[in-house]
Every structure is written in C-alpha cells, then in structure tokens.
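Trainee: Here you go, one structure.
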Amino acid sequence: MPTPRHNTRITCQKHPLLCGFAAALFGSLFIYLDYWHIRLSAADTLFGLFSMALLLYGNARIWFFAGFFFGLFWFWWIGRSFIHYQMAWAIPFAVFSIALIYGALFWGIAKLSERAEKLLQKYTCSLLPLPSLILKSLGLLGMSYIHPLSFDWFKPELMFVQSYLGIEKWQFTLILAVLVLSLYRRTLLFVPLLLLAWQPAPQNATQTSDRKIVLVTTHTPVEAKWDRSQQPAQFRRLLQKIDRAIEANASTVVLPETAFPVYLERTPWLYLALQTRAQKINIITGALYWENGTPRNSTYIFHKNGTIERANKVVLVPFGEKNPLPDFLSEWVNKVFYDGAVDYRADSNITDYMLDNVRYRNAICFEATSKRLYKGQPKHMIVLSNNGWFVPSTEPTLQRLLLQYYSKKYGTIIYHAVNMSPSYVIAPTHH
C-alpha cells in the first residue's frame with residue numbers, strides 16, 4: 001500500500017499545473033501582501049517554506065508550471081510599459097513570453113536534476129529520492145545567478161526578506177537542507193534546525209528617518225514628462241520644491257531620475273537656476289547628458305561649495321535603455337519598436353560622492369537592484385527612480401523589497417527619491 005507521502009506525490013504528478021501554480025502562488029504572496037500593506041513575517045516565513053517544499057517535491061512538469069507562474073506573478077507589470085509606446089496590443093505577448101522564459105528555465109533545472117539522478121541511480125538506489133532533492137536544491141541556490149536577458153530581479157531567497165529567516169546564501173542553503181532532509185526522511189524532526197537561519201524581522205521603510213535629507217516625490221506621468229509644452233511648468237514646481245527644502249534648513253534635497261528630462265548642460269537657464277539654489281543646499285537630481293552623439297542617464301550633484309559632479313548610470317535597463325540582443329536584432333528592434341532610437345551608453349565606473357563629509361554611492365533606478373552597485377559594501381546610497389513606466393502595479397513594491405534585500409545583505413542605508421510612487425529610506429536595522 002502506498003504511503004501518505006507517495007499519495008501526495010502521485011496527486012502532484014497527476015496535477016502538475018495545480019502544484020506548479022501553488023508553488024508560485026506561495027512564493028509570490030510576500031509581494032502582494034506587502035503591496036496591500038499587510039506585513040506578517042510569520043506568514044512570509046511559512047509561505048516561503050511551502051513554496052520551496054513543493055518545488056523540491058515536484059517533477060520537471062511541475063517546475064515548468066511553477067516557473068511560468070513565477071514569471072507571471074513577479075513580472076507581469078513589464079508589459080505595462082508598452083502602453084507608453086502606443087503598443088498595448090503587445091502586452092499579452094510580452095507577459096506570456098516572460099512567463100514562458102521562466103517556465104523554460106525552471107523546467108531545464110528540474111530536467112537536468114532528473115537526468116543526473118538517472119545516471120547516478122545504480123550507485124544511489126538505496127538513497128532515492130535524495131539525489132534528486134539535493135540537485136533541485138542546488139538549482140534553487142544557483143537561480144539567483146541566472147539572469148535571462150540581463151534581468152536579475154528573480155531571487156528565490158527574496159521571498160524571505162521580511163520573514164523570520166535570513167536571506168544570506170548560507171541561510172538559504174540551510175533552509176533548503178532542512179527541507180531536503182524533512183522530505184527525504186518524511187519527518188518534521190529537522191524543522192527546529194531552521195532556528196539557525198533565524199533573524200529578526202526587518203523594520204519597515206520610512207519616509208522621514210533623516211530630516212537633513214529631503215527626498216522629493218513627484219507625480220509626473222511618462223507622457224507629461226517628455227511633453228516639451230508641459231516641461232516649463234514641471235520645472236517651476238521642482239524648483240519650488242527645492243526652495244521649500246531650503247526654507248526647512250535641509251542640507252540636501254534629492255529629486256528623482258530624469259526629474260529634468262533635458263540635456264541639462266544644454267539648458268543654460270535651468271543649469272543656472274540650480275547652481276544659484278545650490279549656494280544654500282546640496283542638490284541631487286536626475287537629468288540627461290549628451291556625449292559624442294550618445295545619450296546618458298545621469299545624476300547631477302550640485303554642492304553647496306560650488307562644485308558640480310555628474311555620475312552616469314552604470315547598469316542599463318534591458319530593452320528600456322539598452323537592447324541586450326545581438327547587434328543585427330538590436331538594430332531591427334530599435335527601428336521597429338522604438339522609432340530608431342539610439343541606445344543609452346553605460347558608464348564603466350561606479351561613482352561615489354561626498355556630502356557633508358559622508359560618502360554616498362550613486363545609483364539610478366534599475367542599477368540599485370544590481371549586485372554590482374554594492375561592490376565595497378557602501379554605507380550610504382542615494383537612488384533616483386522613475387516608476388512611471390509601470391504604475392499602477394506591484395513593480396514599486398518588488399523594487400523596494402529588492403532594495404531591502406541589498407540593504408540587509410550589505411549593510412547599506414538607502415535613500416530613494418521616486419517619480420510616481422512614494423520615496424523612502426531603508427536602513428539595515430531590525431526590531
């Protein structure tokens with residue numbers, strides 16, 4: 001007679017769509033609960049464990065459907081950007097393609113595990129299904145290093161970022177090891193070992209943790225931002241926000257990414273207006289820079305001492321700023337979908353700058369969620385973002401959770417000024 005464990009496994013194998021959906025749902029709920037302002041660390045912990053257990057338990061078909069729904073639940077909002085290119089018809093194709101890519105990625109990992117298990121079967125028959133469980137857990141460990149089309153936002157351990165379990169690799173390894181042993185031995189006796197991966201739940205991101213640095217939130221839709229007829233009024237409002245920060249005796253004011261969507265040094269009146277105000281306050285703002293026929297997405301730093309620095313973006317958004325496809329395909333895509341627009345150019349060097357004797361790492365939107373920007377474990381980072389391409393959606397929530405992940409991992413205090421979603425500060429502290 002089959003054991004309860006075998007019955008459960010047979011049920012999953014008969015219904016791979018249902019089990020894959022459940023694994024992805026449990027592994028995505030932390031995003032949606034946070035989006036709805038429901039923060040329950042215990043629930044995030046349990047949902048994450050359920051998701052990982054279902055994956056370890058599942059075959060390649062279950063992994064395909066899990067990957068498909070992970071891609072859908074985590075990244076459906078990418079399709080929203082097509083609205084701003086008057087290509088709403090492409091949204092279903094984009095969303096389905098993203099889900100399919102992650103489905104194929106998950107399927108490939110599980111299939112390799114199953115193939116490897118078959119090769120080892122005659123040597124490890126008495127240990128089955130332990131080899132498969134171990135190989136799948138190694139796949140989950142390595143998944144955060146696999147970046148389809150240079151997009152690196154999928155990290156399985158992220159689902160524990162607001163839980164009672166840690167997000168360091170050694171902690172995630174321990175979590176998977178406990179699940180592997182529990183599934184292999186069909187017992188909960190190993191579960192107490194999870195206490196070794198325990199960590200206090202993180203504090204919530206705040207709006208006002210540093211009164212000396214004013215983070216400006218703007219509410220400028222994408223179409224309005226790039227409409228030249230509306231820009232003068234937008235710029236006046238931004239200058240007024242700087243004036244109010246001066247009146248509040250703040251030391252620094254931070255504006256979002258491309259707050260001034262013009263080539264700043266080719267706009268003399270605006271450049272002078274910022275220089276004049278910078279005599280009383282440090283001004284950090286996003287703008288564009290033109291260099292040898294190529295645009296750059298840049299941060300301008302106007303210091304109170306009169307010096308001006310420019311920090312260019314280092315990690316560009318796949319497709320949004322730089323096409324990751326081969327040159328012959330890239331040129332065709334840019335011509336057909338982006339009216340022949342030229343790709344932005346990334347800088348090769350990460351920029352740090354000093355404000356009031358404190359060193360800050362510069363980051364612009366997408367690159368703030370890249371491991372590369374945390375080289376040297378910066379203590380402070382100022383991030384400028386424009387989330388107008390994707391709202392309303394869960395993108396700002398996922399972005400903030402990723403920033404919490406990196407803040408916790410590298411001990412970095414992150415100041416984030418945003419367009420079209422709230423600005424905030426994230427500190428690597430705990431309850």
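In the structure tokens, the first chain shown is A, the next is B, and so on; residue numbers restart at 1 for each chain, and ligands run from 1 in the order shown.
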Would you give me, as a Markdown table, each residue of segment 118-186 of chain A having an atom within 12 Å of an atom of segment 72-85 of chain A, along with its shortest atom pair and that distance in Å to one decimal, using only C-alpha atoms and sorting by chain and residue number?
Mentor:
```
| residue | atom | partner | partner_atom | distance |
| --- | --- | --- | --- | --- |
| A:Phe151 | CA | A:Phe75 | CA | 10.7 |
| A:Asp152 | CA | A:Phe75 | CA | 11.5 |
| A:Trp153 | CA | A:Trp74 | CA | 8.9 |
| A:Phe154 | CA | A:Trp74 | CA | 8.0 |
| A:Lys155 | CA | A:Trp74 | CA | 10.6 |
| A:Pro156 | CA | A:Trp74 | CA | 11.2 |
| A:Leu158 | CA | A:Trp74 | CA | 11.4 |
| A:Met159 | CA | A:Trp74 | CA | 11.0 |
```
Trainee: Neighbours of segment 372-380 of chain A within 12 Å (only C-alpha atoms; same-chain residues fewer than 5 positions away dropped), as a PDB file with N, CA and C atoms, in the first residue's frame?
Mentor:
```pdb
ATOM      1  N   ASP A 152      17.890  40.667 -13.603  1.00  0.00           N
ATOM      2  CA  ASP A 152      18.311  39.892 -12.424  1.00  0.00           C
ATOM      3  C   ASP A 152      17.422  40.104 -11.199  1.00  0.00           C
ATOM      4  N   LYS A 313      24.841  56.555 -15.318  1.00  0.00           N
ATOM      5  CA  LYS A 313      24.318  55.231 -14.990  1.00  0.00           C
ATOM      6  C   LYS A 313      25.278  54.148 -15.482  1.00  0.00           C
ATOM      7  N   VAL A 314      25.449  53.117 -14.680  1.00  0.00           N
ATOM      8  CA  VAL A 314      26.409  52.049 -14.963  1.00  0.00           C
ATOM      9  C   VAL A 314      25.722  50.789 -15.492  1.00  0.00           C
ATOM     10  N   VAL A 315      24.559  50.448 -14.936  1.00  0.00           N
ATOM     11  CA  VAL A 315      23.822  49.246 -15.345  1.00  0.00           C
ATOM     12  C   VAL A 315      22.512  49.692 -15.990  1.00  0.00           C
ATOM     13  N   LEU A 316      22.372  49.440 -17.282  1.00  0.00           N
ATOM     14  CA  LEU A 316      21.207  49.919 -18.023  1.00  0.00           C
ATOM     15  C   LEU A 316      20.063  48.902 -17.995  1.00  0.00           C
ATOM     16  N   SER A 348      31.475  52.941 -17.314  1.00  0.00           N
ATOM     17  CA  SER A 348      32.213  51.764 -16.841  1.00  0.00           C
ATOM     18  C   SER A 348      32.575  51.860 -15.370  1.00  0.00           C
ATOM     19  N   ASN A 349      32.429  53.052 -14.789  1.00  0.00           N
ATOM     20  CA  ASN A 349      32.865  53.265 -13.409  1.00  0.00           C
ATOM     21  C   ASN A 349      31.702  53.630 -12.498  1.00  0.00           C
ATOM     22  N   ILE A 350      31.638  52.986 -11.347  1.00  0.00           N
ATOM     23  CA  ILE A 350      30.678  53.346 -10.305  1.00  0.00           C
ATOM     24  C   ILE A 350      31.145  54.646  -9.652  1.00  0.00           C
ATOM     25  N   THR A 351      30.195  55.517  -9.322  1.00  0.00           N
ATOM     26  CA  THR A 351      30.542  56.826  -8.762  1.00  0.00           C
ATOM     27  C   THR A 351      30.129  56.942  -7.301  1.00  0.00           C
ATOM     28  N   ASP A 352      31.056  57.367  -6.471  1.00  0.00           N
ATOM     29  CA  ASP A 352      30.778  57.782  -5.094  1.00  0.00           C
ATOM     30  C   ASP A 352      31.012  59.284  -5.005  1.00  0.00           C
ATOM     31  N   TYR A 353      30.247  59.954  -4.145  1.00  0.00           N
ATOM     32  CA  TYR A 353      30.478  61.382  -3.932  1.00  0.00           C
ATOM     33  C   TYR A 353      30.269  61.711  -2.460  1.00  0.00           C
ATOM     34  N   MET A 354      30.845  62.829  -2.060  1.00  0.00           N
ATOM     35  CA  MET A 354      30.806  63.249  -0.657  1.00  0.00           C
ATOM     36  C   MET A 354      29.771  64.350  -0.466  1.00  0.00           C
ATOM     37  N   LEU A 355      28.978  64.231   0.592  1.00  0.00           N
ATOM     38  CA  LEU A 355      28.046  65.280   1.015  1.00  0.00           C
ATOM     39  C   LEU A 355      28.200  65.453   2.516  1.00  0.00           C
ATOM     40  N   ASN A 357      30.711  65.511   4.436  1.00  0.00           N
ATOM     41  CA  ASN A 357      31.689  64.558   4.989  1.00  0.00           C
ATOM     42  C   ASN A 357      31.179  63.119   5.064  1.00  0.00           C
ATOM     43  N   VAL A 358      30.119  62.807   4.336  1.00  0.00           N
ATOM     44  CA  VAL A 358      29.603  61.438   4.261  1.00  0.00           C
ATOM     45  C   VAL A 358      29.682  60.979   2.805  1.00  0.00           C
ATOM     46  N   ARG A 359      30.181  59.767   2.593  1.00  0.00           N
ATOM     47  CA  ARG A 359      30.318  59.223   1.235  1.00  0.00           C
ATOM     48  C   ARG A 359      29.037  58.484   0.834  1.00  0.00           C
ATOM     49  N   TYR A 360      28.536  58.815  -0.373  1.00  0.00           N
ATOM     50  CA  TYR A 360      27.325  58.189  -0.903  1.00  0.00           C
ATOM     51  C   TYR A 360      27.634  57.500  -2.229  1.00  0.00           C
ATOM     52  N   ARG A 361      27.047  56.343  -2.431  1.00  0.00           N
ATOM     53  CA  ARG A 361      27.127  55.644  -3.709  1.00  0.00           C
ATOM     54  C   ARG A 361      25.971  56.125  -4.580  1.00  0.00           C
ATOM     55  N   ASN A 362      26.265  56.471  -5.824  1.00  0.00           N
ATOM     56  CA  ASN A 362      25.223  56.892  -6.755  1.00  0.00           C
ATOM     57  C   ASN A 362      24.582  55.674  -7.412  1.00  0.00           C
ATOM     58  N   ALA A 363      23.251  55.704  -7.534  1.00  0.00           N
ATOM     59  CA  ALA A 363      22.538  54.634  -8.245  1.00  0.00           C
ATOM     60  C   ALA A 363      21.283  55.220  -8.877  1.00  0.00           C
ATOM     61  N   ILE A 364      20.999  54.780 -10.090  1.00  0.00           N
ATOM     62  CA  ILE A 364      19.826  55.263 -10.817  1.00  0.00           C
ATOM     63  C   ILE A 364      18.912  54.080 -11.125  1.00  0.00           C
ATOM     64  N   CYS A 365      17.790  54.038 -10.441  1.00  0.00           N
ATOM     65  CA  CYS A 365      16.701  53.082 -10.677  1.00  0.00           C
ATOM     66  C   CYS A 365      17.174  51.631 -10.737  1.00  0.00           C
ATOM     67  N   PHE A 366      17.095  50.997 -11.899  1.00  0.00           N
ATOM     68  CA  PHE A 366      17.336  49.560 -12.056  1.00  0.00           C
ATOM     69  C   PHE A 366      18.671  49.116 -11.471  1.00  0.00           C
ATOM     70  N   GLU A 367      19.706  49.948 -11.632  1.00  0.00           N
ATOM     71  CA  GLU A 367      21.029  49.516 -11.188  1.00  0.00           C
ATOM     72  C   GLU A 367      21.133  49.400  -9.668  1.00  0.00           C
ATOM     73  N   LEU A 403      15.499  46.314  -2.709  1.00  0.00           N
ATOM     74  CA  LEU A 403      16.389  47.254  -2.028  1.00  0.00           C
ATOM     75  C   LEU A 403      16.557  46.866  -0.561  1.00  0.00           C
ATOM     76  N   TYR A 405      16.477  43.837   0.490  1.00  0.00           N
ATOM     77  CA  TYR A 405      17.358  42.670   0.391  1.00  0.00           C
ATOM     78  C   TYR A 405      18.821  43.109   0.355  1.00  0.00           C
ATOM     79  N   TYR A 406      19.139  44.067  -0.515  1.00  0.00           N
ATOM     80  CA  TYR A 406      20.527  44.516  -0.643  1.00  0.00           C
ATOM     81  C   TYR A 406      20.968  45.338   0.563  1.00  0.00           C
ATOM     82  N   SER A 407      20.058  46.122   1.122  1.00  0.00           N
ATOM     83  CA  SER A 407      20.390  46.887   2.326  1.00  0.00           C
ATOM     84  C   SER A 407      20.762  45.952   3.464  1.00  0.00           C
ATOM     85  N   LYS A 408      19.973  44.896   3.621  1.00  0.00           N
ATOM     86  CA  LYS A 408      20.226  43.916   4.680  1.00  0.00           C
ATOM     87  C   LYS A 408      21.514  43.139   4.412  1.00  0.00           C
ATOM     88  N   LYS A 409      21.740  42.798   3.160  1.00  0.00           N
ATOM     89  CA  LYS A 409      22.880  41.960   2.783  1.00  0.00           C
ATOM     90  C   LYS A 409      24.213  42.700   2.920  1.00  0.00           C
ATOM     91  N   TYR A 410      24.205  43.998   2.574  1.00  0.00           N
ATOM     92  CA  TYR A 410      25.468  44.745   2.538  1.00  0.00           C
ATOM     93  C   TYR A 410      25.555  45.854   3.586  1.00  0.00           C
ATOM     94  N   GLY A 411      24.531  45.983   4.436  1.00  0.00           N
ATOM     95  CA  GLY A 411      24.574  46.987   5.490  1.00  0.00           C
ATOM     96  C   GLY A 411      24.526  48.410   4.973  1.00  0.00           C
ATOM     97  N   THR A 412      23.753  48.642   3.914  1.00  0.00           N
ATOM     98  CA  THR A 412      23.701  49.948   3.249  1.00  0.00           C
ATOM     99  C   THR A 412      22.419  50.697   3.599  1.00  0.00           C
ATOM    100  N   ILE A 413      22.555  51.958   3.997  1.00  0.00           N
ATOM    101  CA  ILE A 413      21.391  52.833   4.172  1.00  0.00           C
ATOM    102  C   ILE A 413      21.057  53.418   2.807  1.00  0.00           C
ATOM    103  N   ILE A 414      19.821  53.232   2.365  1.00  0.00           N
ATOM    104  CA  ILE A 414      19.422  53.629   1.015  1.00  0.00           C
ATOM    105  C   ILE A 414      18.394  54.753   1.083  1.00  0.00           C
ATOM    106  N   TYR A 415      18.701  55.863   0.418  1.00  0.00           N
ATOM    107  CA  TYR A 415      17.788  56.997   0.280  1.00  0.00           C
ATOM    108  C   TYR A 415      17.235  56.945  -1.144  1.00  0.00           C
ATOM    109  N   HIS A 416      15.920  56.867  -1.272  1.00  0.00           N
ATOM    110  CA  HIS A 416      15.322  56.599  -2.578  1.00  0.00           C
ATOM    111  C   HIS A 416      14.282  57.667  -2.930  1.00  0.00           C
ATOM    112  N   VAL A 425      13.331  55.815   2.887  1.00  0.00           N
ATOM    113  CA  VAL A 425      14.676  55.471   3.343  1.00  0.00           C
ATOM    114  C   VAL A 425      14.631  54.048   3.884  1.00  0.00           C
ATOM    115  N   ILE A 426      15.625  53.250   3.526  1.00  0.00           N
ATOM    116  CA  ILE A 426      15.747  51.893   4.054  1.00  0.00           C
ATOM    117  C   ILE A 426      17.044  51.809   4.842  1.00  0.00           C
ATOM    118  N   ALA A 427      16.936  51.393   6.094  1.00  0.00           N
ATOM    119  CA  ALA A 427      18.116  51.217   6.943  1.00  0.00           C
ATOM    120  C   ALA A 427      18.252  49.746   7.309  1.00  0.00           C
ATOM    121  N   PRO A 428      19.472  49.210   7.346  1.00  0.00           N
ATOM    122  CA  PRO A 428      19.674  47.787   7.649  1.00  0.00           C
ATOM    123  C   PRO A 428      19.600  47.494   9.133  1.00  0.00           C
TER     124      PRO A 428
END
```
Trainee: I need the strand (DSSP E or B) residues of segment 46-247 of chain A per DSSP on the backbone, written as a ChimeraX atom specification.
Mentor: /A:165,198,202,206,213-215,218
Trainee: Which polymer residues have any atom within 10 Å of an atom of Glu321 of chain A, counting only C-alpha atoms, with same-chain residues fewer than 6 positions away left out, as a ChimeraX atom specification?
Mentor: /A:295-297,315,341-346
Trainee: Mind checking which residues fall within 12 Å of Trp36 of chain A, counting only C-alpha atoms, ignoring those fewer than 5 positions away in the same chain, and posting them as a CSV table (one decimal) with N, CA and C atoms, in the first residue's frame?
Mentor:
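result_28.csv was written with the following content:
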```csv
chain,number,residue,atom,x,y,z
A,29,LEU,N,3.3,35.5,-2.7
A,29,LEU,CA,2.4,36.2,-1.8
A,29,LEU,C,3.0,37.3,-1.0
A,30,PHE,N,4.4,37.1,-0.7
A,30,PHE,CA,5.0,38.2,0.1
A,30,PHE,C,5.0,39.5,-0.7
A,31,ILE,N,5.0,39.5,-2.0
A,31,ILE,CA,4.9,40.7,-2.8
A,31,ILE,C,3.6,41.3,-2.6
A,393,SER,N,1.0,49.2,-10.4
A,393,SER,CA,1.4,47.7,-10.5
A,393,SER,C,2.1,47.4,-9.2
A,394,THR,N,2.6,46.2,-9.1
A,394,THR,CA,3.4,45.7,-8.0
A,394,THR,C,4.9,46.0,-8.2
A,397,THR,N,6.6,47.9,-5.4
A,397,THR,CA,6.7,47.0,-4.2
A,397,THR,C,7.9,46.1,-4.3
```
Trainee: Hey, which of A:Gln199, A:Thr252, A:Gln162, A:Ser298 ends up closest to Leu33 of chain A? Count only C-alpha atoms.
Mentor: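 Of all the options, A:Gln162 lies closest to Leu33 of chain A.
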Trainee: Just asking: which residues within segment 245-325 of chain A are alpha helix (DSSP H) according to DSSP, as a list in words?
Mentor: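 Alpha helix (DSSP H) assignments inside segment 245-325 of chain A correspond to Ala245, Ile246, Glu247, Pro268, Trp269, Leu270, Tyr271, Leu272, Ala273, Leu274, Gln275, Thr276 and Arg277 of chain A.
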Trainee: Any chance you could export the current selection's N, CA and C atoms as a tab-separated table (two decimals), in the first residue's frame?
Mentor:
```tsv
chain	number	residue	atom	x	y	z
A	245	ALA	N	12.72	73.09	0.53
A	245	ALA	CA	13.74	72.36	1.28
A	245	ALA	C	14.75	73.32	1.89
A	246	ILE	N	15.07	74.39	1.16
A	246	ILE	CA	15.97	75.42	1.70
A	246	ILE	C	15.34	76.09	2.91
A	247	GLU	N	14.05	76.43	2.79
A	247	GLU	CA	13.34	77.07	3.90
A	247	GLU	C	13.28	76.16	5.13
A	268	PRO	N	20.79	76.33	-20.44
A	268	PRO	CA	21.54	77.25	-19.56
A	268	PRO	C	20.72	77.85	-18.42
A	269	TRP	N	19.47	78.25	-18.69
A	269	TRP	CA	18.69	78.92	-17.64
A	269	TRP	C	18.42	77.98	-16.47
A	270	LEU	N	18.15	76.71	-16.79
A	270	LEU	CA	17.86	75.73	-15.75
A	270	LEU	C	19.14	75.38	-14.97
A	271	TYR	N	20.21	75.22	-15.69
A	271	TYR	CA	21.50	74.92	-15.07
A	271	TYR	C	21.88	76.03	-14.09
A	272	LEU	N	21.68	77.27	-14.52
A	272	LEU	CA	21.99	78.42	-13.66
A	272	LEU	C	21.06	78.48	-12.46
A	273	ALA	N	19.77	78.17	-12.67
A	273	ALA	CA	18.81	78.19	-11.56
A	273	ALA	C	19.20	77.18	-10.48
A	274	LEU	N	19.68	76.03	-10.89
A	274	LEU	CA	20.11	75.01	-9.93
A	274	LEU	C	21.41	75.43	-9.25
A	275	GLN	N	22.33	76.00	-10.01
A	275	GLN	CA	23.59	76.49	-9.43
A	275	GLN	C	23.33	77.53	-8.36
A	276	THR	N	22.41	78.44	-8.65
A	276	THR	CA	22.10	79.52	-7.70
A	276	THR	C	21.54	78.96	-6.40
A	277	ARG	N	20.60	78.05	-6.52
A	277	ARG	CA	20.00	77.46	-5.31
A	277	ARG	C	21.00	76.58	-4.55
```
Trainee: Using only C-alpha atoms, pick whichever of A:Gly20, A:Gly142, A:Gly58, A:Gly166 has the shortest atom-to-atom distance to Glu114 of chain A.
Mentor: A:Gly58
Trainee: Compare A:Tyr57, A:Trp389, A:Tyr102, A:Trp107 by their minimum atom-to-atom distance to Ser137 of chain A, counting only C-alpha atoms, and give me the closest one.
Mentor: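 Ranking A:Tyr57, A:Trp389, A:Tyr102, A:Trp107 by distance to Ser137 of chain A, first place goes to A:Tyr57.
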Trainee: With only C-alpha atoms as the basis for distance, which of A:Val253, A:Ala177, A:Ile242, A:Leu112 is at the shortest distance from Arg211 of chain A?
Mentor: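 Ranking A:Val253, A:Ala177, A:Ile242, A:Leu112 by distance to Arg211 of chain A, first place goes to A:Val253.
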Trainee: So that I can see what lies close to Gly103 of chain A, please list as number ranges by chain the residues with an atom at most 9 Å from it, counting only C-alpha atoms and leaving out residues fewer than 4 positions away in the same chain.
Mentor: A: 63-71, 98-99, 107-108
Trainee: Can you list, as a list of chain:residue names, every protein, DNA or RNA residue that comes within 10 Å of segment 180-194 of chain A when you count only C-alpha atoms, leaving out same-chain residues fewer than 2 positions away?
Mentor: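 In the requested format, the answer is A:Pro4, A:Arg5, A:Met52, A:Ala53, A:Leu56, A:Tyr57, A:Leu127, A:Leu128, A:Pro129, A:Leu130, A:Pro131, A:Ser132, A:Leu133, A:Ile134, A:Lys136, A:Ser137, A:Tyr164, A:Leu165, A:Gly166, A:Gln171, A:Phe172, A:Leu174, A:Ile175, A:Leu176, A:Ala177, A:Val178, A:Leu196, A:Ala197, A:Trp198.
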Trainee: How many Å separate atom CA of Ser163 of chain A from atom CA of Pro200 of chain A?
Mentor: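 Taking atom CA of Ser163 of chain A and atom CA of Pro200 of chain A, their separation equals 8.0 Å.
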